[in-house]
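K.L.:
My structure is stored as target_6.cif, with mmCIF, C-alpha atoms.
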data_target
#
loop_
_atom_site.label_atom_id
_atom_site.label_comp_id
_atom_site.auth_asym_id
_atom_site.auth_seq_id
_atom_site.Cartn_x
_atom_site.Cartn_y
_atom_site.Cartn_z
CA MET A 1 -16.92 50.34 -21.54
CA GLY A 2 -15.26 51.41 -18.27
CA LEU A 3 -17.47 50.84 -15.25
CA TYR A 4 -20.37 48.43 -15.43
CA ARG A 5 -22.94 46.98 -13.07
CA ASP A 6 -23.94 43.35 -12.88
CA GLN A 7 -25.16 40.64 -10.58
CA GLY A 8 -23.39 37.36 -10.14
CA VAL A 9 -22.53 34.35 -8.04
CA VAL A 10 -18.94 33.85 -6.86
CA LEU A 11 -17.65 30.50 -8.18
CA ARG A 12 -14.12 30.45 -6.83
CA THR A 13 -11.37 32.67 -5.53
CA ILE A 14 -7.60 32.52 -5.94
CA ARG A 15 -5.10 34.36 -3.78
CA LEU A 16 -3.18 37.11 -5.53
CA GLY A 17 -0.17 38.91 -4.10
CA GLU A 18 -0.19 40.14 -0.50
CA SER A 19 -3.85 40.70 0.20
CA ASP A 20 -5.83 40.50 -3.06
CA ARG A 21 -7.87 37.77 -4.63
CA ILE A 22 -8.97 36.95 -8.15
CA VAL A 23 -12.68 36.25 -7.96
CA THR A 24 -14.38 34.17 -10.65
CA LEU A 25 -18.08 34.95 -11.03
CA VAL A 26 -20.90 33.86 -13.26
CA THR A 27 -22.90 36.99 -14.02
CA GLN A 28 -26.30 37.77 -15.40
CA ALA A 29 -25.21 39.92 -18.36
CA HIS A 30 -21.51 39.28 -18.93
CA GLY A 31 -21.14 35.52 -18.57
CA LYS A 32 -18.12 34.33 -16.62
CA VAL A 33 -16.07 37.25 -15.32
CA ARG A 34 -12.72 37.15 -13.57
CA ALA A 35 -12.03 40.20 -11.46
CA VAL A 36 -9.46 41.36 -8.94
CA ALA A 37 -10.78 42.25 -5.50
CA LYS A 38 -8.10 44.40 -3.96
CA GLY A 39 -7.35 44.02 -0.28
CA VAL A 40 -10.12 41.46 0.40
CA ARG A 41 -7.88 39.41 2.62
CA LYS A 42 -7.28 42.28 5.03
CA THR A 43 -9.54 42.30 8.08
CA LYS A 44 -10.60 45.87 7.40
CA SER A 45 -11.54 45.27 3.76
CA ARG A 46 -14.77 46.94 2.76
CA PHE A 47 -15.71 43.82 0.78
CA GLY A 48 -15.59 41.71 3.94
CA GLY A 49 -17.13 38.29 3.51
CA ARG A 50 -19.17 39.23 0.46
CA LEU A 51 -16.84 37.77 -2.14
CA GLU A 52 -16.63 34.18 -0.91
CA PRO A 53 -17.69 31.28 -3.15
CA THR A 54 -21.51 30.77 -3.17
CA SER A 55 -22.13 34.50 -2.42
CA HIS A 56 -24.78 36.10 -4.60
CA VAL A 57 -23.73 39.72 -5.10
CA SER A 58 -24.50 42.90 -6.96
CA LEU A 59 -21.27 44.43 -8.24
CA LEU A 60 -19.77 47.51 -9.75
CA LEU A 61 -16.84 46.43 -11.90
CA TYR A 62 -14.22 48.27 -13.87
CA GLU A 63 -13.41 46.58 -17.12
CA GLY A 64 -9.77 45.71 -17.63
CA ARG A 65 -7.93 43.97 -20.44
CA GLU A 66 -7.48 40.55 -18.84
CA LEU A 67 -9.05 40.95 -15.45
CA ASP A 68 -11.71 43.38 -14.30
CA ILE A 69 -11.54 45.17 -10.96
CA VAL A 70 -14.25 44.93 -8.31
CA THR A 71 -14.96 48.46 -7.12
CA GLN A 72 -18.12 47.87 -5.08
CA ALA A 73 -19.91 44.79 -3.86
CA GLU A 74 -23.27 44.42 -2.20
CA ALA A 75 -24.64 41.11 -0.97
CA LEU A 76 -27.95 39.94 -2.40
CA ASP A 77 -27.89 36.63 -0.58
CA HIS A 78 -25.10 34.75 1.16
CA PHE A 79 -26.97 31.49 1.69
CA LYS A 80 -26.24 31.17 5.39
CA ALA A 81 -27.86 27.73 5.55
CA ILE A 82 -25.34 26.45 2.98
CA ARG A 83 -22.31 28.02 4.59
CA GLU A 84 -23.08 26.59 8.00
CA ASP A 85 -23.67 22.99 6.96
CA LEU A 86 -20.82 20.88 5.65
CA ASP A 87 -23.02 18.59 3.52
CA ARG A 88 -24.78 21.47 1.80
CA LEU A 89 -21.50 23.28 1.32
CA ALA A 90 -20.03 20.22 -0.41
CA ARG A 91 -23.09 20.01 -2.68
CA ALA A 92 -22.99 23.74 -3.45
CA THR A 93 -19.28 23.49 -4.33
CA THR A 94 -20.03 20.71 -6.79
CA MET A 95 -22.58 22.92 -8.55
CA LEU A 96 -20.12 25.82 -8.61
CA GLU A 97 -17.37 23.63 -10.06
CA ALA A 98 -19.62 22.37 -12.86
CA VAL A 99 -20.81 25.90 -13.72
CA ASP A 100 -17.21 27.15 -13.67
CA GLN A 101 -16.30 24.49 -16.25
CA VAL A 102 -19.30 25.14 -18.48
CA ALA A 103 -19.40 28.96 -18.43
CA GLN A 104 -17.48 30.87 -21.09
CA GLU A 105 -15.70 34.10 -20.27
CA ARG A 106 -17.63 37.21 -21.32
CA GLN A 107 -20.23 35.11 -23.14
CA PRO A 108 -23.61 36.35 -21.88
CA GLY A 109 -25.76 33.51 -20.61
CA ALA A 110 -28.42 34.71 -18.22
CA ARG A 111 -30.00 31.24 -18.13
CA LEU A 112 -26.91 29.66 -16.54
CA TYR A 113 -26.79 32.38 -13.90
CA GLN A 114 -30.50 31.97 -13.13
CA MET A 115 -30.14 28.21 -12.88
CA LEU A 116 -27.27 28.49 -10.41
CA VAL A 117 -29.08 31.05 -8.24
CA GLY A 118 -32.18 28.83 -8.32
CA GLY A 119 -30.12 25.76 -7.43
CA LEU A 120 -28.43 27.49 -4.49
CA ARG A 121 -31.75 28.85 -3.22
CA ALA A 122 -33.29 25.38 -3.35
CA LEU A 123 -30.27 23.93 -1.54
CA ALA A 124 -30.46 26.62 1.17
CA ALA A 125 -34.12 25.81 1.68
CA ARG A 126 -33.76 22.02 1.71
CA ASN A 127 -30.85 19.61 1.62
CA ALA A 128 -32.39 17.20 -0.91
CA PRO A 129 -30.07 14.43 -2.18
CA LEU A 130 -31.58 14.68 -5.66
CA LEU A 131 -30.83 18.38 -6.05
CA VAL A 132 -27.27 18.23 -7.44
CA PRO A 133 -28.01 15.35 -9.86
CA ALA A 134 -31.07 17.27 -11.09
CA PHE A 135 -28.91 20.38 -11.48
CA PHE A 136 -26.42 18.37 -13.58
CA LEU A 137 -29.16 17.00 -15.84
CA LYS A 138 -30.64 20.48 -16.34
CA LEU A 139 -27.17 21.88 -16.99
CA LEU A 140 -26.56 19.21 -19.64
CA ALA A 141 -29.90 20.06 -21.24
CA LEU A 142 -28.93 23.75 -21.26
CA GLU A 143 -25.67 22.85 -22.95
CA GLY A 144 -27.58 20.99 -25.66
CA PHE A 145 -26.86 17.52 -24.31
CA GLN A 146 -30.25 16.60 -22.92
CA PRO A 147 -30.23 12.81 -22.61
CA VAL A 148 -32.82 10.96 -24.70
CA LEU A 149 -35.14 9.18 -22.25
CA ASP A 150 -38.47 8.64 -24.05
CA GLY A 151 -37.15 5.89 -26.29
CA CYS A 152 -33.91 4.08 -27.15
CA ALA A 153 -31.21 6.61 -28.05
CA GLY A 154 -29.70 4.06 -30.45
CA CYS A 155 -32.65 2.80 -32.51
CA GLY A 156 -35.65 4.74 -31.26
CA ALA A 157 -37.43 1.66 -29.95
CA PRO A 158 -39.85 2.35 -27.07
CA GLU A 159 -39.58 0.74 -23.63
CA PRO A 160 -38.07 -1.26 -22.01
CA LEU A 161 -34.96 0.85 -21.56
CA VAL A 162 -32.28 -0.98 -19.65
CA ALA A 163 -28.99 0.94 -19.98
CA PHE A 164 -27.71 4.50 -20.06
CA ASP A 165 -24.76 5.73 -22.08
CA LEU A 166 -24.14 9.39 -22.81
CA THR A 167 -21.77 8.70 -25.72
CA VAL A 168 -24.83 7.40 -27.57
CA GLY A 169 -27.06 10.10 -26.11
CA GLY A 170 -29.25 8.59 -23.42
CA ALA A 171 -31.16 5.47 -22.43
CA LEU A 172 -30.88 2.28 -24.51
CA CYS A 173 -33.09 -0.73 -25.29
CA PRO A 174 -31.93 -4.33 -24.62
CA ALA A 175 -30.72 -4.73 -28.24
CA CYS A 176 -28.53 -1.57 -28.21
CA ALA A 177 -27.58 -1.88 -24.51
CA ARG A 178 -24.08 -0.80 -23.50
CA GLY A 179 -22.71 1.15 -20.57
CA PRO A 180 -24.16 1.06 -17.05
CA ARG A 181 -27.51 -0.65 -16.42
CA VAL A 182 -30.44 1.47 -15.36
CA SER A 183 -33.73 0.68 -13.63
CA PRO A 184 -37.10 1.81 -15.10
CA GLU A 185 -37.66 3.90 -11.94
CA ALA A 186 -34.43 5.85 -12.54
CA VAL A 187 -35.33 6.54 -16.20
CA ASP A 188 -38.74 7.73 -15.06
CA LEU A 189 -37.20 9.96 -12.39
CA MET A 190 -34.76 11.57 -14.84
CA GLN A 191 -37.54 12.13 -17.32
CA ARG A 192 -39.65 13.89 -14.73
CA ILE A 193 -36.73 16.10 -13.66
CA LEU A 194 -36.20 17.24 -17.24
CA ASP A 195 -39.89 17.64 -18.05
CA GLY A 196 -40.53 20.28 -15.41
CA GLY A 197 -41.48 17.92 -12.60
CA LEU A 198 -38.43 18.78 -10.51
CA ALA A 199 -40.28 20.23 -7.52
CA GLY A 200 -42.39 17.07 -7.26
CA ALA A 201 -39.36 14.79 -7.67
CA LEU A 202 -37.47 16.64 -4.90
CA ASN A 203 -40.35 16.12 -2.49
CA GLU A 204 -40.44 12.36 -2.94
CA PRO A 205 -38.82 10.06 -0.38
CA VAL A 206 -35.32 8.78 -1.19
CA THR A 207 -35.37 5.45 -3.06
CA PRO A 208 -32.62 3.30 -4.62
CA ALA A 209 -33.43 5.13 -7.89
CA THR A 210 -32.26 8.41 -6.28
CA ALA A 211 -28.75 7.05 -5.76
CA GLU A 212 -28.82 5.57 -9.27
CA VAL A 213 -29.74 8.93 -10.82
CA ALA A 214 -27.05 10.64 -8.72
CA THR A 215 -24.34 8.31 -10.06
CA LEU A 216 -25.58 8.53 -13.66
CA ALA A 217 -25.92 12.32 -13.61
CA THR A 218 -22.43 12.83 -12.12
CA ARG A 219 -20.94 10.46 -14.69
CA ALA A 220 -22.80 12.18 -17.53
CA MET A 221 -21.62 15.60 -16.32
CA GLU A 222 -18.03 14.40 -16.07
CA HIS A 223 -18.28 12.84 -19.51
CA HIS A 224 -19.50 16.14 -20.96
CA LEU A 225 -16.80 18.19 -19.20
CA GLU A 226 -14.14 15.62 -20.15
CA ARG A 227 -12.71 15.81 -16.64
CA ARG A 228 -13.46 14.58 -13.13
CA LEU A 229 -15.37 16.85 -10.78
CA ARG A 230 -12.92 17.19 -7.93
CA SER A 231 -15.37 18.35 -5.30
CA VAL A 232 -17.62 15.28 -5.65
CA THR A 233 -15.37 12.97 -3.64
CA VAL A 234 -13.37 15.29 -1.41
CA LEU A 235 -15.71 15.28 1.59
CA ASP A 236 -17.16 11.79 1.30
CA MET B 1 20.58 36.52 -22.98
CA TYR B 2 23.09 37.40 -20.23
CA ALA B 3 26.32 35.64 -19.28
CA GLY B 4 25.53 32.14 -17.91
CA PRO B 5 25.50 32.74 -14.12
CA VAL B 6 23.53 36.00 -14.42
CA GLN B 7 20.85 34.35 -16.52
CA GLU B 8 20.73 31.44 -14.08
CA LEU B 9 20.18 33.89 -11.19
CA ILE B 10 17.41 35.68 -13.10
CA ASP B 11 15.72 32.35 -13.89
CA GLN B 12 15.88 31.22 -10.26
CA LEU B 13 14.57 34.54 -8.92
CA GLY B 14 11.78 34.45 -11.49
CA ARG B 15 10.45 31.29 -9.85
CA LEU B 16 9.69 33.11 -6.58
CA PRO B 17 6.03 33.95 -5.90
CA GLY B 18 5.00 37.34 -7.24
CA VAL B 19 8.29 37.90 -9.08
CA GLY B 20 7.97 38.30 -12.86
CA PRO B 21 10.80 38.34 -15.40
CA LYS B 22 11.34 42.11 -15.12
CA SER B 23 11.45 42.11 -11.31
CA ALA B 24 13.77 39.08 -11.43
CA GLN B 25 16.14 41.04 -13.67
CA ARG B 26 16.02 44.07 -11.37
CA ILE B 27 16.75 42.00 -8.25
CA ALA B 28 19.53 40.11 -10.03
CA PHE B 29 21.32 43.33 -10.97
CA TYR B 30 20.86 44.68 -7.46
CA LEU B 31 22.53 41.54 -6.13
CA LEU B 32 25.38 41.91 -8.63
CA LYS B 33 26.13 45.37 -7.26
CA LEU B 34 25.93 44.21 -3.65
CA PRO B 35 29.17 43.84 -1.61
CA LYS B 36 30.34 40.24 -1.49
CA GLU B 37 29.60 39.81 2.28
CA ASP B 38 26.00 40.98 1.94
CA ALA B 39 25.33 38.61 -0.92
CA GLU B 40 26.93 35.76 1.00
CA ARG B 41 24.78 36.48 4.05
CA LEU B 42 21.68 36.05 1.90
CA ALA B 43 23.01 32.85 0.35
CA THR B 44 23.93 31.41 3.76
CA ALA B 45 20.54 32.34 5.18
CA ILE B 46 18.83 30.32 2.44
CA VAL B 47 21.16 27.34 2.86
CA GLU B 48 20.85 27.44 6.66
CA VAL B 49 17.07 27.61 6.71
CA LYS B 50 16.81 24.61 4.42
CA ALA B 51 19.38 22.64 6.41
CA ARG B 52 18.17 23.41 9.93
CA ILE B 53 14.44 23.95 9.76
CA SER B 54 11.94 21.15 9.55
CA PHE B 55 8.46 20.56 10.92
CA CYS B 56 7.78 19.95 14.61
CA ARG B 57 6.87 16.30 15.12
CA ARG B 58 4.11 17.19 17.52
CA CYS B 59 2.35 20.26 16.11
CA TRP B 60 3.77 20.61 12.55
CA ASN B 61 4.93 24.16 13.15
CA VAL B 62 8.28 25.11 11.58
CA SER B 63 10.97 24.08 14.02
CA GLU B 64 14.71 23.99 14.45
CA GLY B 65 14.85 20.67 16.23
CA GLU B 66 12.58 17.69 16.57
CA PHE B 67 10.08 19.77 18.57
CA CYS B 68 9.31 23.47 18.15
CA GLU B 69 9.80 26.17 20.81
CA MET B 70 6.12 26.19 21.74
CA CYS B 71 5.99 22.46 22.33
CA GLN B 72 9.18 22.57 24.46
CA ASP B 73 7.91 25.42 26.64
CA THR B 74 6.74 23.76 29.88
CA ARG B 75 4.89 26.90 31.02
CA ARG B 76 2.32 26.42 28.27
CA ASP B 77 -0.94 24.57 28.98
CA PRO B 78 -0.87 21.26 27.08
CA THR B 79 -4.58 20.53 27.63
CA ILE B 80 -5.74 23.30 25.29
CA VAL B 81 -4.82 23.22 21.60
CA CYS B 82 -5.35 25.93 19.00
CA VAL B 83 -5.74 24.54 15.46
CA VAL B 84 -4.44 26.85 12.71
CA GLU B 85 -3.93 26.54 8.94
CA GLU B 86 -0.35 27.81 8.58
CA PRO B 87 2.68 28.49 10.82
CA ARG B 88 2.17 32.19 10.02
CA ASP B 89 -1.16 32.05 11.87
CA ILE B 90 0.65 31.01 15.06
CA VAL B 91 2.57 34.27 14.96
CA ALA B 92 -0.71 36.19 14.54
CA VAL B 93 -2.30 34.44 17.53
CA GLU B 94 0.86 34.82 19.65
CA LYS B 95 0.84 38.59 19.09
CA THR B 96 -2.48 38.82 20.93
CA GLN B 97 -0.81 37.46 24.11
CA GLU B 98 -4.20 35.96 24.96
CA PHE B 99 -3.41 32.32 24.36
CA HIS B 100 -1.09 30.16 26.45
CA GLY B 101 -1.83 26.66 25.21
CA LEU B 102 -0.26 24.64 22.41
CA TYR B 103 -0.87 24.72 18.67
CA HIS B 104 -1.56 22.33 15.83
CA VAL B 105 -0.77 23.37 12.25
CA LEU B 106 -2.95 21.72 9.58
CA GLN B 107 -0.72 23.00 6.76
CA GLY B 108 -3.67 24.07 4.63
CA ALA B 109 -7.46 24.06 4.56
CA ILE B 110 -10.09 21.85 2.97
CA SER B 111 -10.93 23.19 -0.48
CA PRO B 112 -13.28 20.95 -2.46
CA ILE B 113 -12.87 23.06 -5.61
CA GLU B 114 -9.07 22.64 -5.56
CA GLY B 115 -9.50 18.97 -4.69
CA ILE B 116 -7.80 19.41 -1.29
CA GLY B 117 -9.40 17.06 1.20
CA PRO B 118 -8.69 16.10 4.83
CA GLU B 119 -6.14 13.48 3.81
CA GLN B 120 -3.80 16.17 2.46
CA LEU B 121 -3.88 17.97 5.83
CA ARG B 122 -2.51 17.06 9.28
CA VAL B 123 -5.89 15.86 10.51
CA LYS B 124 -4.89 12.31 11.41
CA GLU B 125 -2.01 13.74 13.43
CA LEU B 126 -4.43 15.99 15.35
CA LEU B 127 -6.70 13.05 16.20
CA ALA B 128 -3.70 11.05 17.38
CA ARG B 129 -2.71 13.94 19.68
CA VAL B 130 -6.19 14.17 21.17
CA ASP B 131 -5.95 10.50 22.10
CA ALA B 132 -2.41 10.56 23.42
CA GLU B 133 -2.05 13.93 25.14
CA GLY B 134 -5.20 14.27 27.24
CA ILE B 135 -6.36 17.41 25.42
CA LYS B 136 -9.44 19.01 27.03
CA GLU B 137 -10.23 21.81 24.59
CA VAL B 138 -9.60 22.31 20.87
CA ILE B 139 -9.95 25.84 19.49
CA LEU B 140 -10.67 25.85 15.75
CA CYS B 141 -8.73 28.88 14.62
CA THR B 142 -8.90 28.48 10.83
CA ASN B 143 -9.52 31.48 8.56
CA PRO B 144 -13.09 32.83 8.54
CA ASN B 145 -13.46 32.20 4.79
CA LEU B 146 -15.25 29.39 2.99
CA GLU B 147 -12.30 26.97 3.09
CA GLY B 148 -11.52 27.71 6.74
CA GLU B 149 -15.17 27.33 7.76
CA ALA B 150 -15.46 24.04 5.89
CA THR B 151 -12.33 22.80 7.67
CA ALA B 152 -13.66 23.89 11.06
CA MET B 153 -17.01 22.17 10.46
CA TYR B 154 -15.27 18.99 9.33
CA LEU B 155 -12.97 18.93 12.39
CA ALA B 156 -15.86 19.69 14.75
CA ARG B 157 -17.70 16.69 13.34
CA LEU B 158 -14.70 14.43 14.04
CA LEU B 159 -13.76 15.86 17.44
CA LYS B 160 -17.13 16.38 19.16
CA PRO B 161 -17.88 12.66 19.60
CA LEU B 162 -14.54 12.25 21.42
CA GLY B 163 -16.04 14.09 24.38
CA LEU B 164 -13.83 17.19 24.55
CA SER B 165 -14.72 20.83 24.32
CA VAL B 166 -14.55 22.08 20.72
CA THR B 167 -14.70 25.85 20.21
CA ARG B 168 -14.54 28.14 17.21
CA ILE B 169 -12.99 31.62 17.30
CA ALA B 170 -15.60 34.38 17.22
CA SER B 171 -16.32 36.51 14.14
CA GLY B 172 -17.11 40.15 14.43
CA LEU B 173 -16.15 43.69 13.62
CA PRO B 174 -12.53 44.75 13.48
CA VAL B 175 -11.54 47.11 16.27
CA GLY B 176 -11.32 50.61 14.82
CA GLY B 177 -13.70 49.88 11.93
CA ASP B 178 -16.94 51.53 10.85
CA LEU B 179 -20.31 49.78 11.17
CA GLU B 180 -21.62 51.11 7.88
CA TYR B 181 -18.86 49.35 5.93
CA ALA B 182 -19.30 46.02 7.68
CA ASP B 183 -20.68 43.28 5.45
CA GLU B 184 -23.98 41.68 6.41
CA LEU B 185 -22.47 38.30 7.23
CA THR B 186 -19.89 39.71 9.66
CA LEU B 187 -22.34 42.10 11.28
CA GLY B 188 -24.89 39.28 11.57
CA ARG B 189 -22.34 37.08 13.32
CA ALA B 190 -21.29 39.93 15.57
CA LEU B 191 -24.92 40.32 16.67
CA GLU B 192 -25.28 36.58 17.15
CA GLY B 193 -22.20 36.45 19.35
CA ARG B 194 -22.99 39.59 21.37
CA ARG B 195 -22.30 39.46 25.06
CA GLU B 196 -23.41 41.00 28.32
CA VAL B 197 -21.63 44.25 29.17
CA ASP B 198 -19.87 44.35 32.54
CA ALA B 199 -20.94 47.51 34.33
#
Output the structure of this file as structure tokens.

P.N.:
Amino acid sequence: MGLYRDQGVVLRTIRLGESDRIVTLVTQAHGKVRAVAKGVRKTKSRFGGRLEPTSHVSLLLYEGRELDIVTQAEALDHFKAIREDLDRLARATTMLEAVDQVAQERQPGARLYQMLVGGLRALAARNAPLLVPAFFLKLLALEGFQPVLDGCAGCGAPEPLVAFDLTVGGALCPACARGPRVSPEAVDLMQRILDGGLAGALNEPVTPATAEVATLATRAMEHHLERRLRSVTVLD
Amino acid sequence: MYAGPVQELIDQLGRLPGVGPKSAQRIAFYLLKLPKEDAERLATAIVEVKARISFCRRCWNVSEGEFCEMCQDTRRDPTIVCVVEEPRDIVAVEKTQEFHGLYHVLQGAISPIEGIGPEQLRVKELLARVDAEGIKEVILCTNPNLEGEATAMYLARLLKPLGLSVTRIASGLPVGGDLEYADELTLGRALEGRREVDA
């Protein structure tokens, strides 16, 4: 295929040799791509600050066997508001880490890319505490693990739902209850996030249910990835 | 594959950063051909550096004694401290000949994605110095990349309430570079940090 064009978000970078970096991106048309950016660590590099994590870039890449090579990079958005605020940066990193775990190399998945760009844009516009949990829930849904919230995931019984366990698949009635307890407000909030009411949910004031959803969503994400998300706790 | 000691040498060389099995083999055979004295000089250099060099107790720079050269130099201004990620960065700053204060080496940068947080860095030690040494200004001289910026923001948040001046090195265009190749972020910062021209 040789040279190809794509747009992507930089997920992480690893130092390579004297002055290069391996950049991991999630792209619109080629899924997760790992590419070498030569000389990025030099002060006179023509890539400059464009290939830092969270950067949204348009790229010209040369396809290699293992790793591709970045030949040109143009910034689409570098989310200044995120980069200059430690809290937002921590939240953005958590999203990047989850996407990095979920994305498959060279498996096209435009939806994942769009979700991440949307998530970063929303975070740059407003530092809402519900944003990352909502992103996790949407990501789980995209992966085919949308939690069951409109009835008991164990027996199908309608409300009341009192617990939440992702090994069973969602919220549970008192008879099937296992795993962490959940309040009706939190179930309602999660349901609205997944049913397209995210914008409304983000605008609501923070309640105890927000923190509850945050914990549940992080735990569900970690359960799905079968590993801890390292960036969740680092800056707390 | 090779006689015992040769294979051992290749294996050890192969553990160095950026050295693969082929390079390790090439270096090993170069060393085999080397005169005995030259090879011994290299071996002694490695043994010596491990035996004599440790970290400075004050600033965590590499040091021959308990305190490093910088910290022992009485001509340096102890009220201004430049915070860097690695000892190598001290050398870079020293080359400018623009800084005459002391240093503090964090020995890394905060990287949430790698799971490196403030507790793995020499942050506590920096705070202790601010208390004990009467420091008036801290210059945050971490790398201008995502990890370095996160570290600088984190330190600023801790240090500002202590009532000292906290500054961050400026970002801008490299001397001798071309504007058209500058990335938007750097050029934007250069505009933000523009200054009055002395006529």

K.L.:
Find, counting all atoms listed in the file, the residue in B:Leu164, B:Leu102, B:Val93, B:Val49 that gets nearest to Gly65 of chain B.

P.N.:
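Going through B:Leu164, B:Leu102, B:Val93, B:Val49 one by one, the smallest distance to Gly65 of chain B is for B:Val49.
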
K.L.:
For Val130 of chain B, please output as an MDAnalysis selection string all residues within 10 Å (counting all atoms listed in the file; exclusion window: fewer than 3 positions along the same chain).

P.N.:
chainID B and resid 79 81 125:127 133:138 159 162 164

K.L.:
Using only C-alpha atoms, determine which residues lie at most 10 Å from Gln25 of chain B, disregarding the query and same-chain residues fewer than 5 positions distant; provide the list as a list in words.

P.N.:
Val6, Gln7, Leu9, Ile10, Asp11, Leu13, Gly14, Val19, Gly20, Tyr30 and Leu31 of chain B

K.L.:
With C-alpha atoms retained, export the selected residues as a tab-separated table (two decimals), in the frame of the given file.

P.N.:
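Output file result-v2.tsv follows:
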chain	number	residue	atom	x	y	z
B	6	VAL	CA	23.53	36.00	-14.42
B	7	GLN	CA	20.85	34.35	-16.52
B	9	LEU	CA	20.18	33.89	-11.19
B	10	ILE	CA	17.41	35.68	-13.10
B	11	ASP	CA	15.72	32.35	-13.89
B	13	LEU	CA	14.57	34.54	-8.92
B	14	GLY	CA	11.78	34.45	-11.49
B	19	VAL	CA	8.29	37.90	-9.08
B	20	GLY	CA	7.97	38.30	-12.86
B	30	TYR	CA	20.86	44.68	-7.46
B	31	LEU	CA	22.53	41.54	-6.13

K.L.:
Check what the PyMOL selection byres ((chain B and resi 111) around 9) selects in the file above and give those residues as a PDB file with C-alpha atoms, in the frame of the given file.

P.N.:
ATOM      1  CA  SER A 231     -15.370  18.350  -5.300  1.00  0.00           C
ATOM      2  CA  VAL A 234     -13.370  15.290  -1.410  1.00  0.00           C
TER       3      VAL A 234
ATOM      4  CA  GLY B 108      -3.670  24.070   4.630  1.00  0.00           C
ATOM      5  CA  ALA B 109      -7.460  24.060   4.560  1.00  0.00           C
ATOM      6  CA  ILE B 110     -10.090  21.850   2.970  1.00  0.00           C
ATOM      7  CA  PRO B 112     -13.280  20.950  -2.460  1.00  0.00           C
ATOM      8  CA  ILE B 113     -12.870  23.060  -5.610  1.00  0.00           C
ATOM      9  CA  GLU B 114      -9.070  22.640  -5.560  1.00  0.00           C
ATOM     10  CA  GLY B 115      -9.500  18.970  -4.690  1.00  0.00           C
ATOM     11  CA  ILE B 116      -7.800  19.410  -1.290  1.00  0.00           C
ATOM     12  CA  GLY B 117      -9.400  17.060   1.200  1.00  0.00           C
ATOM     13  CA  LEU B 146     -15.250  29.390   2.990  1.00  0.00           C
ATOM     14  CA  GLU B 147     -12.300  26.970   3.090  1.00  0.00           C
ATOM     15  CA  GLY B 148     -11.520  27.710   6.740  1.00  0.00           C
ATOM     16  CA  ALA B 150     -15.460  24.040   5.890  1.00  0.00           C
ATOM     17  CA  THR B 151     -12.330  22.800   7.670  1.00  0.00           C
TER      18      THR B 151
END

K.L.:
How would you write as a list in words the residues that get within 12 Å of (8.4, 22.0, 15.6) in the file's frame, counting only C-alpha atoms?

P.N.:
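Every polymer residue passing the test: Arg52, Ile53, Ser54, Phe55, Cys56, Arg57, Arg58, Cys59, Trp60, Asn61, Val62, Ser63, Glu64, Gly65, Glu66, Phe67, Cys68, Glu69, Met70, Cys71, Gln72, Asp73, Pro87, Ile90, Leu102, Tyr103, His104 and Val105 of chain B.
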
K.L.:
Apply the PyMOL selection byres ((chain B) within 12 of (chain A)) to the file shown and report the selected residues as a ChimeraX atom specification.

P.N.:
/B:16-20,110-120,143-157,171-189

K.L.:
Around segment 139-143 of chain A, fit a box with edges along x, y and z, padding it by 8 Å on each side, then list its centre and edge lengths in Å to one decimal as AutoDock Vina command-line options.

P.N.:
--center_x -27.8 --center_y 21.5 --center_z -20.0 --size_x 20.2 --size_y 20.5 --size_z 22.0
